[in-house]
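Peer 1: Take a look at my_file38.txt, compact mmCIF, C-alpha atoms:
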```
# COMPACT_ATOMS: atom_id res chain seq x y z
CA ILE F 1 89.67 137.76 117.15
CA ILE F 2 89.62 140.06 120.20
CA ASP F 3 90.59 138.64 123.56
CA GLY F 4 90.02 135.14 122.24
CA ASP F 5 86.55 135.77 120.77
CA GLU F 6 85.87 135.89 117.06
CA VAL F 7 84.10 139.17 116.39
CA ALA F 8 84.28 139.65 112.62
CA THR F 9 85.06 137.94 109.33
CA GLY F 10 87.19 139.97 106.98
CA VAL F 11 86.91 140.58 103.26
CA TYR F 12 90.13 140.40 101.24
CA ALA F 13 90.55 142.40 98.04
CA ASN F 14 93.43 144.21 96.35
CA ARG F 15 95.86 143.22 99.10
CA TYR F 16 93.65 144.71 101.82
CA ALA F 17 91.75 142.81 104.51
CA THR F 18 88.76 144.82 105.79
CA PHE F 19 86.91 144.00 109.02
CA THR F 20 83.59 145.60 110.11
CA LEU F 21 83.48 145.40 113.91
CA ASN F 22 79.94 146.76 114.46
CA ASN F 23 80.96 149.21 117.21
CA PHE F 24 82.97 146.78 119.30
CA LEU F 25 83.27 148.39 122.74
CA ILE F 26 86.58 148.80 124.55
CA GLU F 27 86.07 150.08 128.06
CA LYS F 28 88.03 153.14 129.19
CA GLY F 29 91.48 152.14 130.38
CA ASP F 30 91.22 148.58 129.02
CA THR F 31 93.78 146.89 126.79
CA VAL F 32 92.63 144.21 124.37
CA SER F 33 94.53 141.67 122.32
CA VAL F 34 93.66 141.53 118.61
CA GLU F 35 94.59 138.61 116.34
CA VAL F 36 93.98 138.15 112.64
CA ARG F 37 93.81 134.52 111.53
CA GLY F 38 93.30 133.09 108.07
CA ASP F 39 93.13 129.84 106.12
CA MET F 40 96.10 129.53 103.79
CA GLY F 41 95.60 128.23 100.31
CA THR F 42 98.28 126.44 98.31
CA THR F 43 100.77 128.97 96.97
CA SER F 44 104.47 129.33 96.30
CA ALA F 45 106.79 128.21 99.06
CA GLY F 46 108.89 131.04 100.41
CA ASP F 47 106.14 133.65 100.05
CA THR F 48 105.75 135.90 103.10
CA ILE F 49 102.53 137.41 104.44
CA LYS F 50 102.64 140.53 106.65
CA LEU F 51 99.59 142.42 107.90
CA TYR F 52 99.90 145.95 109.26
CA LEU F 53 98.09 149.31 109.52
CA LYS F 54 99.45 151.28 106.59
CA ASP F 55 97.80 154.54 107.70
CA SER F 56 96.46 154.53 111.24
CA ASN F 57 94.30 157.61 110.60
CA THR F 58 92.30 155.95 107.84
CA ASP F 59 92.79 152.21 108.32
CA LEU F 60 91.45 152.08 111.91
CA ILE F 61 88.30 154.06 112.57
CA ALA F 62 87.14 154.49 116.19
CA VAL F 63 84.83 156.93 117.99
CA GLY F 64 84.28 157.79 121.64
CA LYS F 65 81.25 156.17 123.26
CA THR F 66 80.01 159.27 125.08
CA HIS F 67 80.22 162.05 122.45
CA GLY F 68 80.79 160.10 119.24
CA PHE F 69 83.84 162.07 118.17
CA GLY F 70 86.67 160.40 116.28
CA VAL F 71 89.47 158.98 118.39
CA SER F 72 93.07 159.42 117.32
CA VAL F 73 95.08 156.22 117.04
CA ASP F 74 98.67 155.94 118.22
CA ASN F 75 100.22 153.33 115.95
CA THR F 76 103.39 152.01 117.59
CA THR F 77 104.46 150.20 114.42
CA ASP F 78 104.32 153.52 112.57
CA GLY F 79 103.42 151.71 109.38
CA LEU F 80 106.72 149.86 109.24
CA LEU F 81 106.72 146.34 107.82
CA SER F 82 109.74 145.43 109.93
CA ALA F 83 107.73 145.92 113.10
CA THR F 84 104.96 143.50 112.19
CA ASN F 85 104.48 139.77 112.49
CA SER F 86 105.17 137.76 109.35
CA VAL F 87 104.13 134.33 108.12
CA GLU F 88 106.39 132.52 105.67
CA LEU F 89 104.79 129.75 103.66
CA GLU F 90 106.57 126.42 103.44
CA ALA F 91 105.91 123.33 101.36
CA GLY F 92 103.65 120.82 103.12
CA ASP F 93 104.96 118.27 105.59
CA PHE F 94 105.44 114.71 104.46
CA THR F 95 105.18 111.64 106.71
CA ILE F 96 106.48 108.09 106.26
CA ASP F 97 105.74 104.99 108.30
CA MET F 98 106.48 101.25 108.28
CA ASP F 99 103.36 99.35 109.33
CA LYS F 100 104.77 96.49 111.40
CA SER F 101 101.32 95.20 112.28
CA ALA F 102 100.65 94.60 108.58
CA THR F 103 104.07 92.98 108.09
CA PRO F 104 105.37 91.62 111.41
CA SER F 105 108.59 89.68 111.88
CA LYS F 106 108.34 86.33 110.13
CA ASP F 107 110.25 83.39 108.64
CA VAL F 108 110.44 82.53 104.93
CA MET F 109 111.96 79.66 103.00
CA PRO F 110 114.79 80.02 100.50
CA GLY F 111 113.34 80.24 96.99
CA THR F 112 110.08 81.92 98.08
CA ASP F 113 108.64 84.45 95.60
CA ASP F 114 106.76 87.69 96.33
CA VAL F 115 107.84 87.87 99.97
CA VAL F 116 106.44 91.03 101.59
CA LEU F 117 109.46 92.51 103.34
CA ALA F 118 107.71 95.62 104.66
CA THR F 119 104.54 97.71 104.40
CA LEU F 120 105.28 101.39 103.76
CA LYS F 121 102.78 104.21 104.32
CA ILE F 122 103.36 107.67 102.82
CA THR F 123 101.25 110.82 103.33
CA SER F 124 101.58 114.36 101.97
CA ASN F 125 99.99 116.61 104.58
CA GLY F 126 100.43 120.06 103.09
CA GLU F 127 99.65 119.85 99.38
CA ASN F 128 99.54 117.49 96.43
CA ALA F 129 103.08 116.31 95.76
CA THR F 130 105.25 114.23 93.46
CA LEU F 131 107.98 111.83 94.54
CA ASN F 132 110.53 112.09 91.73
CA ASP F 133 113.15 109.74 93.05
CA ILE F 134 114.57 107.95 96.08
CA THR F 135 118.35 107.95 96.39
CA ALA F 136 119.49 104.34 96.56
CA THR F 137 121.87 104.97 99.45
CA ASN F 138 118.87 106.03 101.55
CA PHE F 139 116.61 103.11 100.61
CA TYR F 140 118.02 99.68 101.33
CA VAL F 141 117.60 96.16 102.68
CA THR F 142 120.03 95.27 105.46
CA LEU F 143 121.29 91.68 105.42
CA GLY F 144 121.85 90.07 108.82
CA VAL F 145 124.11 87.22 109.97
CA ASN F 146 126.72 88.29 107.37
CA PRO F 147 125.97 85.92 104.49
CA THR F 148 128.87 85.11 102.18
CA THR F 149 126.78 85.56 99.02
CA THR F 150 126.11 89.11 97.84
CA MET F 151 122.93 88.76 95.74
CA LEU F 152 120.13 87.17 97.75
CA LEU F 153 117.05 89.01 96.42
CA GLU F 154 115.61 89.70 93.00
CA ASN F 155 112.50 91.24 91.43
CA VAL F 156 112.19 93.81 94.21
CA GLU F 157 109.13 96.05 93.78
CA MET F 158 106.62 98.34 95.48
CA LYS F 159 102.94 97.48 95.10
CA ASP F 160 100.32 100.20 95.64
CA LEU F 161 97.62 98.41 97.61
CA SER F 162 94.89 100.89 96.59
CA THR F 163 95.46 100.76 92.82
CA GLY F 164 97.36 97.52 92.36
CA GLY F 165 100.10 99.42 90.53
CA VAL F 166 103.56 97.87 90.74
CA TYR F 167 106.79 99.90 90.66
CA ASP F 168 110.17 98.27 90.11
CA LEU F 169 112.95 98.80 92.63
CA THR F 170 116.34 98.19 91.06
CA ILE F 171 119.03 96.74 93.28
CA ASP F 172 121.60 99.46 92.71
CA ASP F 173 124.36 97.95 94.81
CA GLU F 174 124.58 94.56 96.45
CA SER F 175 126.94 93.37 99.14
CA THR F 176 126.98 90.99 102.07
CA VAL F 177 125.78 93.90 104.22
CA LYS F 178 122.94 95.51 102.27
CA HIS F 179 121.07 95.78 98.96
CA THR F 180 120.41 99.42 98.00
CA LEU F 181 117.20 100.12 96.11
CA ALA F 182 116.55 102.66 93.34
CA LEU F 183 113.04 103.80 92.37
CA GLY F 184 112.69 104.51 88.66
CA ASP F 185 109.12 105.84 88.61
CA GLU F 186 107.46 109.06 89.72
CA LEU F 187 104.75 108.67 92.35
CA SER F 188 101.93 111.18 92.87
CA PHE F 189 100.34 111.95 96.23
CA THR F 190 97.10 113.73 97.03
CA LYS F 191 97.06 116.00 100.07
CA GLY F 192 95.87 114.14 103.15
CA VAL F 193 95.54 110.76 101.44
CA THR F 194 97.81 107.99 102.75
CA LYS F 195 99.21 105.62 100.17
CA THR F 196 100.18 102.14 101.31
CA PHE F 197 102.83 100.10 99.52
CA GLU F 198 104.04 96.55 99.97
CA ILE F 199 107.77 96.21 99.43
CA ARG F 200 108.24 92.69 98.21
CA ALA F 201 110.92 90.53 96.59
CA ASP F 202 111.84 87.02 95.54
CA VAL F 203 114.23 85.30 97.96
CA LEU F 204 116.79 83.29 96.01
CA ASP F 205 117.28 79.56 96.54
CA ILE F 206 120.88 80.21 97.65
CA ALA F 207 119.82 82.43 100.58
CA PRO F 208 121.46 80.82 103.65
CA VAL F 209 119.27 79.76 106.54
CA ASP F 210 119.20 82.37 109.36
CA THR F 211 119.94 85.27 106.98
CA THR F 212 117.74 88.26 107.89
CA PHE F 213 116.30 91.09 105.77
CA LYS F 214 115.25 94.51 107.11
CA VAL F 215 114.01 97.39 104.92
CA THR F 216 115.02 100.98 105.78
CA LEU F 217 113.85 104.23 104.16
CA GLU F 218 115.53 107.53 105.06
CA GLY F 219 113.60 110.72 104.34
CA ALA F 220 116.76 112.54 103.29
CA GLY F 221 116.88 110.44 100.14
CA MET F 222 113.35 111.33 98.94
CA ASP F 223 113.20 113.87 96.10
CA LEU F 224 109.80 115.47 96.73
CA GLU F 225 108.18 118.46 95.06
CA GLY F 226 104.96 120.29 95.87
CA ASP F 227 102.68 120.22 92.82
CA ALA F 228 101.30 123.74 93.31
CA SER F 229 104.25 125.42 95.01
CA GLY F 230 106.90 123.84 92.81
CA ALA F 231 109.19 123.82 95.83
CA ASP F 232 111.19 120.99 97.29
CA ILE F 233 109.61 119.29 100.31
CA ASN F 234 112.30 118.65 102.88
CA ASN F 235 110.30 118.45 106.10
CA ILE F 236 109.83 114.68 106.21
CA THR F 237 108.98 112.99 109.48
CA PRO F 238 110.26 110.82 110.95
CA SER F 239 113.74 111.06 109.46
CA SER F 240 113.83 107.30 108.81
CA VAL F 241 111.68 104.18 109.21
CA THR F 242 112.52 100.48 109.30
CA GLY F 243 110.44 97.38 108.70
CA SER F 244 110.25 94.17 110.69
CA ILE F 245 112.91 91.48 110.42
CA VAL F 246 112.32 88.69 107.92
CA THR F 247 114.41 85.55 108.57
CA VAL F 248 115.27 82.76 106.14
CA LYS F 249 114.31 79.39 107.60
CA ASN F 250 113.68 75.90 106.30
CA ALA F 251 110.20 74.45 106.58
CA THR F 252 109.81 72.52 109.86
CA LEU F 253 107.24 70.31 111.56
CA THR F 254 107.06 69.67 115.29
CA TRP F 255 105.43 66.35 116.18
CA THR F 256 104.38 65.90 119.83
CA PRO F 257 102.67 62.60 120.79
CA MET F 258 99.89 62.89 123.37
CA SER F 259 99.30 60.44 126.21
CA LEU F 260 96.02 58.52 126.01
CA VAL F 261 93.98 57.21 128.89
CA SER F 262 93.96 53.39 129.06
CA THR F 263 90.60 52.12 127.84
CA SER F 264 88.86 48.74 127.89
CA ILE F 265 86.74 47.99 124.83
CA VAL F 266 84.45 45.27 123.62
CA GLY F 267 84.28 43.68 120.20
CA GLY F 268 82.51 45.83 117.64
CA SER F 269 83.64 49.15 119.17
CA SER F 270 84.19 51.85 116.57
CA ASP F 271 85.98 55.20 116.32
CA VAL F 272 88.24 54.37 119.25
CA VAL F 273 91.19 56.78 119.50
CA VAL F 274 94.35 54.68 119.41
CA TYR F 275 96.89 57.44 118.69
CA GLN F 276 97.00 61.23 118.99
CA ALA F 277 99.66 63.91 118.45
CA LYS F 278 100.04 67.67 118.14
CA VAL F 279 101.64 68.66 114.84
CA LYS F 280 102.85 72.24 114.35
CA ALA F 281 104.25 73.78 111.18
CA GLY F 282 107.13 76.24 111.46
CA THR F 283 106.54 79.84 110.46
CA ALA F 284 108.66 79.66 107.27
CA ASP F 285 106.17 77.75 105.12
CA ASP F 286 103.08 75.53 105.04
CA VAL F 287 103.69 71.81 105.58
CA LYS F 288 101.96 69.07 103.60
CA ILE F 289 101.70 65.67 105.26
CA GLN F 290 102.09 63.14 102.46
CA SER F 291 102.54 59.89 104.38
CA VAL F 292 102.27 58.63 107.96
CA LYS F 293 103.62 55.30 109.25
CA LEU F 294 102.77 54.13 112.78
CA SER F 295 103.96 51.05 114.63
CA SER F 296 102.40 49.25 117.61
CA SER F 297 104.40 49.18 120.81
CA THR F 298 103.02 45.93 122.28
CA THR F 299 101.84 42.64 120.78
CA THR F 300 100.55 40.29 123.43
CA GLY F 301 97.72 37.85 122.98
CA ASP F 302 94.32 39.28 122.17
CA SER F 303 95.61 42.85 122.24
CA ALA F 304 97.75 42.26 119.16
CA PHE F 305 97.72 44.99 116.49
CA THR F 306 96.42 42.74 113.73
CA ASP F 307 93.89 42.81 110.91
CA SER F 308 91.94 40.07 112.67
CA ASN F 309 91.37 42.40 115.64
CA ILE F 310 90.99 45.73 113.78
CA THR F 311 88.70 46.07 110.79
CA LYS F 312 89.39 49.72 109.88
CA ILE F 313 91.93 52.39 110.83
CA SER F 314 91.36 56.08 110.05
CA LEU F 315 93.76 59.02 110.03
CA TRP F 316 92.39 62.49 110.89
CA LEU F 317 93.98 65.94 110.78
CA ASN F 318 92.27 68.93 112.38
CA GLY F 319 89.02 66.96 112.43
CA LYS F 320 89.19 66.13 108.71
CA LEU F 321 89.54 62.58 107.37
CA LEU F 322 92.82 62.10 105.49
CA LYS F 323 92.66 58.35 104.89
CA GLU F 324 91.02 55.15 106.10
CA VAL F 325 92.39 51.66 105.44
CA SER F 326 91.36 48.05 106.07
CA ASN F 327 93.49 44.91 106.04
CA LYS F 328 96.65 47.04 105.72
CA ILE F 329 98.50 46.17 108.95
CA ASP F 330 101.99 44.89 108.10
CA GLY F 331 103.66 42.32 110.37
CA ASP F 332 100.22 40.98 111.17
CA SER F 333 101.03 38.55 113.97
CA THR F 334 100.93 38.25 117.73
CA THR F 335 104.72 38.07 117.97
CA ASP F 336 105.84 41.04 115.81
CA ASN F 337 105.01 44.73 116.17
CA GLY F 338 102.48 45.59 113.48
CA THR F 339 102.73 48.76 111.37
CA VAL F 340 100.22 50.70 109.33
CA THR F 341 101.06 53.21 106.60
CA PHE F 342 98.75 55.92 105.31
CA ASN F 343 99.57 57.06 101.77
CA SER F 344 97.69 59.04 99.08
CA LEU F 345 96.15 61.34 101.67
CA ASN F 346 93.22 63.66 100.99
CA THR F 347 94.90 66.70 99.40
CA SER F 348 92.07 68.98 100.47
CA TYR F 349 93.02 68.65 104.12
CA TYR F 350 96.66 67.50 104.33
CA THR F 351 98.23 70.98 104.62
CA ILE F 352 99.20 72.59 107.94
CA PRO F 353 99.49 76.36 107.46
CA ALA F 354 102.73 78.01 108.54
CA GLY F 355 102.69 78.66 112.27
CA SER F 356 99.55 76.58 112.88
CA GLU F 357 99.15 73.61 115.22
CA TYR F 358 96.69 70.80 114.44
CA ASP F 359 95.55 67.60 116.18
CA LEU F 360 96.48 64.40 114.34
CA VAL F 361 94.31 61.49 115.46
CA VAL F 362 94.12 57.80 114.52
CA THR F 363 90.90 55.92 115.25
CA ALA F 364 90.14 52.22 114.92
CA ASP F 365 87.08 50.03 114.49
CA PHE F 366 87.44 46.69 116.28
CA ALA F 367 86.16 43.31 115.16
```
Represent the structure of the file as structure tokens.

Peer 2:
Amino acid sequence: IIDGDEVATGVYANRYATFTLNNFLIEKGDTVSVEVRGDMGTTSAGDTIKLYLKDSNTDLIAVGKTHGFGVSVDNTTDGLLSATNSVELEAGDFTIDMDKSATPSKDVMPGTDDVVLATLKITSNGENATLNDITATNFYVTLGVNPTTTMLLENVEMKDLSTGGVYDLTIDDESTVKHTLALGDELSFTKGVTKTFEIRADVLDIAPVDTTFKVTLEGAGMDLEGDASGADINNITPSSVTGSIVTVKNATLTWTPMSLVSTSIVGGSSDVVVYQAKVKAGTADDVKIQSVKLSSSTTTGDSAFTDSNITKISLWLNGKLLKEVSNKIDGDSTTDNGTVTFNSLNTSYYTIPAGSEYDLVVTADFA
């Protein structure tokens, strides 16, 4: 490359690179900048490449434009290797990342199995490589809120999402501060191909509510070797990564009654909304509604909540019918508050997913 323009492609043989420049013209008095660039193959780390003119009288041939006579070359490096640029080959860079969009902060219940604590992405950028080991002190789960129990996780493992392969992570040391993790398997990486792993574990039943888990991986603890170079790979970026915070919580349900507009109806009206609420499951776990009991708030005259006035009552969740009953109003009188209980609900629709909010609606058909 001369003055930024590529002018020739060299041929390499027997440790010589030869370039045919096809009478490249340098104007009288001009100075040009010459660069030699090349694509590096995979070779041994620590090797050094130096290019130089060994003999300026034979290795650089130039002639004058006007008369065509040979031009003598003043070689300032004088054929000395020490005066030339050098390129030292290193093992390829390695990158690690915790994908917090794949595994955001979340709540889990005590006793939950296969909880994804973090999603780890690993890429070898320079060459194919092998991960021989991860030092346990550099790979750990931090426990928050200082639980009094030391062992809160078990069956910790890494799952390769592309192959489905599962690799055990042994809890090497447990305390009320952290669980250190040891990898017992070798992992292979292809240059430029990102591998994605789920780090998951079973949360024990004894895990106290509000305990938090956070996975950390420090590059200094990764024993990496280039497959072709045979050299250790130490240039790992960033130096450490951490996952999102996972918090132990009990399952919860928030029930928020909704105000209804007063309505006048006539006998025979059907599908009249008589109760409505917003029901929201906490983020720790799904919630299954197994029974609902509702009581009337007024019982006066013809407006009494009685079987004689209401022929059918239906319970709906998220637009799906859970149960409908007839002649099931307890305390069926004009002087007591009547109640209705919905049991044996439709199991296909009675679950509220963790973090979701549904409408719960009761409708009535009037006599």

Peer 1: Separation of CA of Met109 in chain F and CA of Val166 in chain F, in Å?

Peer 2: 23.5 Å

Peer 1: Using CA of Ser295 in chain F and CA of Tyr275 in chain F as the two end points, give the distance in Å to one decimal.

Peer 2: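 Answer for the CA of Ser295 in chain F to CA of Tyr275 in chain F separation: 10.4 Å.
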
Peer 1: Would you mind reading off the distance between CA of Asp113 in chain F and CA of Asn132 in chain F, one decimal, in Å?

Peer 2: 28.0 Å

Peer 1: Residues within 9 Å of range 246-250 of chain F, please, as a PyMOL selection string. Count all atoms listed in the file; anything in the same chain fewer than 3 positions from it doesn't count.

Peer 2: chain F and resi 104-110+116-118+144+203+207-214+243+282-285

Peer 1: Using C-alpha atoms, can you write the selected residues to a file as a short mmCIF file (atom, residue, chain, number, x, y, z; two decimals), in the coordinates of the input?

Peer 2:
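As written to disk, out03.cif reads:
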```
data_model
loop_
_atom_site.label_atom_id
_atom_site.label_comp_id
_atom_site.auth_asym_id
_atom_site.auth_seq_id
_atom_site.Cartn_x
_atom_site.Cartn_y
_atom_site.Cartn_z
CA PRO F 104 105.37 91.62 111.41
CA SER F 105 108.59 89.68 111.88
CA LYS F 106 108.34 86.33 110.13
CA ASP F 107 110.25 83.39 108.64
CA VAL F 108 110.44 82.53 104.93
CA MET F 109 111.96 79.66 103.00
CA PRO F 110 114.79 80.02 100.50
CA VAL F 116 106.44 91.03 101.59
CA LEU F 117 109.46 92.51 103.34
CA ALA F 118 107.71 95.62 104.66
CA GLY F 144 121.85 90.07 108.82
CA VAL F 203 114.23 85.30 97.96
CA ALA F 207 119.82 82.43 100.58
CA PRO F 208 121.46 80.82 103.65
CA VAL F 209 119.27 79.76 106.54
CA ASP F 210 119.20 82.37 109.36
CA THR F 211 119.94 85.27 106.98
CA THR F 212 117.74 88.26 107.89
CA PHE F 213 116.30 91.09 105.77
CA LYS F 214 115.25 94.51 107.11
CA GLY F 243 110.44 97.38 108.70
CA GLY F 282 107.13 76.24 111.46
CA THR F 283 106.54 79.84 110.46
CA ALA F 284 108.66 79.66 107.27
CA ASP F 285 106.17 77.75 105.12
#
```

Peer 1: Find the spatial neighbours of Asn57 in chain F, counting all atoms listed in the file, within a cut-off of 8 Å - ignore same-chain residues fewer than 4 positions away - and output them as a list in words.

Peer 2: Ile61, Ser72 and Val73 of chain F

Peer 1: With C-alpha atoms retained, could you export that selection as an mmCIF file, in the coordinates of the input?

Peer 2:
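Resulting contents of result-v8.cif:
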```
data_model
loop_
_atom_site.group_PDB
_atom_site.id
_atom_site.type_symbol
_atom_site.label_atom_id
_atom_site.label_comp_id
_atom_site.auth_asym_id
_atom_site.auth_seq_id
_atom_site.Cartn_x
_atom_site.Cartn_y
_atom_site.Cartn_z
ATOM 1 C CA ILE F 61 88.300 154.060 112.570
ATOM 2 C CA SER F 72 93.070 159.420 117.320
ATOM 3 C CA VAL F 73 95.080 156.220 117.040
#
```

Peer 1: Applying 8 Å and only C-alpha atoms, which residues near Ile233 in chain F remain after dropping the ones on its own chain fewer than 2 positions away? List them as a list in words.

Peer 2: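 Non-adjacent residues within range: Ala91, Gly92, Asp93, Phe94, Asp223, Leu224, Glu225, Gly226, Ala231, Asn235 and Ile236 of chain F.
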
Peer 1: Go ahead and save the residues from that selection, with C-alpha atoms, as a PDB file, in the frame of the given file.

Peer 2:
```pdb
ATOM      1  CA  ALA F  91     105.910 123.330 101.360  1.00  0.00           C
ATOM      2  CA  GLY F  92     103.650 120.820 103.120  1.00  0.00           C
ATOM      3  CA  ASP F  93     104.960 118.270 105.590  1.00  0.00           C
ATOM      4  CA  PHE F  94     105.440 114.710 104.460  1.00  0.00           C
ATOM      5  CA  ASP F 223     113.200 113.870  96.100  1.00  0.00           C
ATOM      6  CA  LEU F 224     109.800 115.470  96.730  1.00  0.00           C
ATOM      7  CA  GLU F 225     108.180 118.460  95.060  1.00  0.00           C
ATOM      8  CA  GLY F 226     104.960 120.290  95.870  1.00  0.00           C
ATOM      9  CA  ALA F 231     109.190 123.820  95.830  1.00  0.00           C
ATOM     10  CA  ASN F 235     110.300 118.450 106.100  1.00  0.00           C
ATOM     11  CA  ILE F 236     109.830 114.680 106.210  1.00  0.00           C
TER      12      ILE F 236
END
```

Peer 1: Pick from F:Asp133, F:Asp271, F:Val193, F:Ile265: nearest to Tyr167 in chain F, with all atoms listed in the file counted?

Peer 2: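 Under the stated criterion, the closest residue is F:Asp133.
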
Peer 1: Could you give me, as an MDAnalysis selection string, the residues within 7 Å of Lys195 in chain F, counting all atoms listed in the file and dropping anything in the same chain fewer than 2 positions from it?

Peer 2: chainID F and resid 121:123 193 197

Peer 1: Could you check which of F:Gly126, F:Asn327, F:Val279, F:Gly10 is closest to Lys191 in chain F, using all atoms listed in the file?

Peer 2: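 Ranking F:Gly126, F:Asn327, F:Val279, F:Gly10 by distance to Lys191 in chain F, first place goes to F:Gly126.
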
Peer 1: Report the centre and edge lengths, in Å to one decimal, of an axis-aligned box enclosing every atom of range 276-293 of chain F listed in the file, padded by 6 Å on each side, as AutoDock Vina command-line options.

Peer 2:
```
--center_x 102.8 --center_y 67.6 --center_z 110.7 --size_x 23.7 --size_y 36.5 --size_z 28.5
```

Peer 1: For Gly268 in chain F, which residue among F:Trp255, F:Leu321, F:Ala364, F:Ser297 is the nearest when counting only C-alpha atoms?

Peer 2: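 Between F:Trp255, F:Leu321, F:Ala364, F:Ser297, the residue approaching Gly268 in chain F most closely is F:Ala364.
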
Peer 1: Which residue gives the smallest distance to Asn234 in chain F among F:Thr66, F:Ser259, F:Thr95, F:Thr149, with only C-alpha atoms counted?

Peer 2: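 When distances to Asn234 in chain F are compared using only C-alpha atoms, the smallest one comes from F:Thr95.
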
Peer 1: Leu153 in chain F: which residues within 9 Å, counting only C-alpha atoms, same-chain residues fewer than 4 positions away excluded, as an NGL selection string?

Peer 2: :F and (171 or 179 or 201-204 or 207)
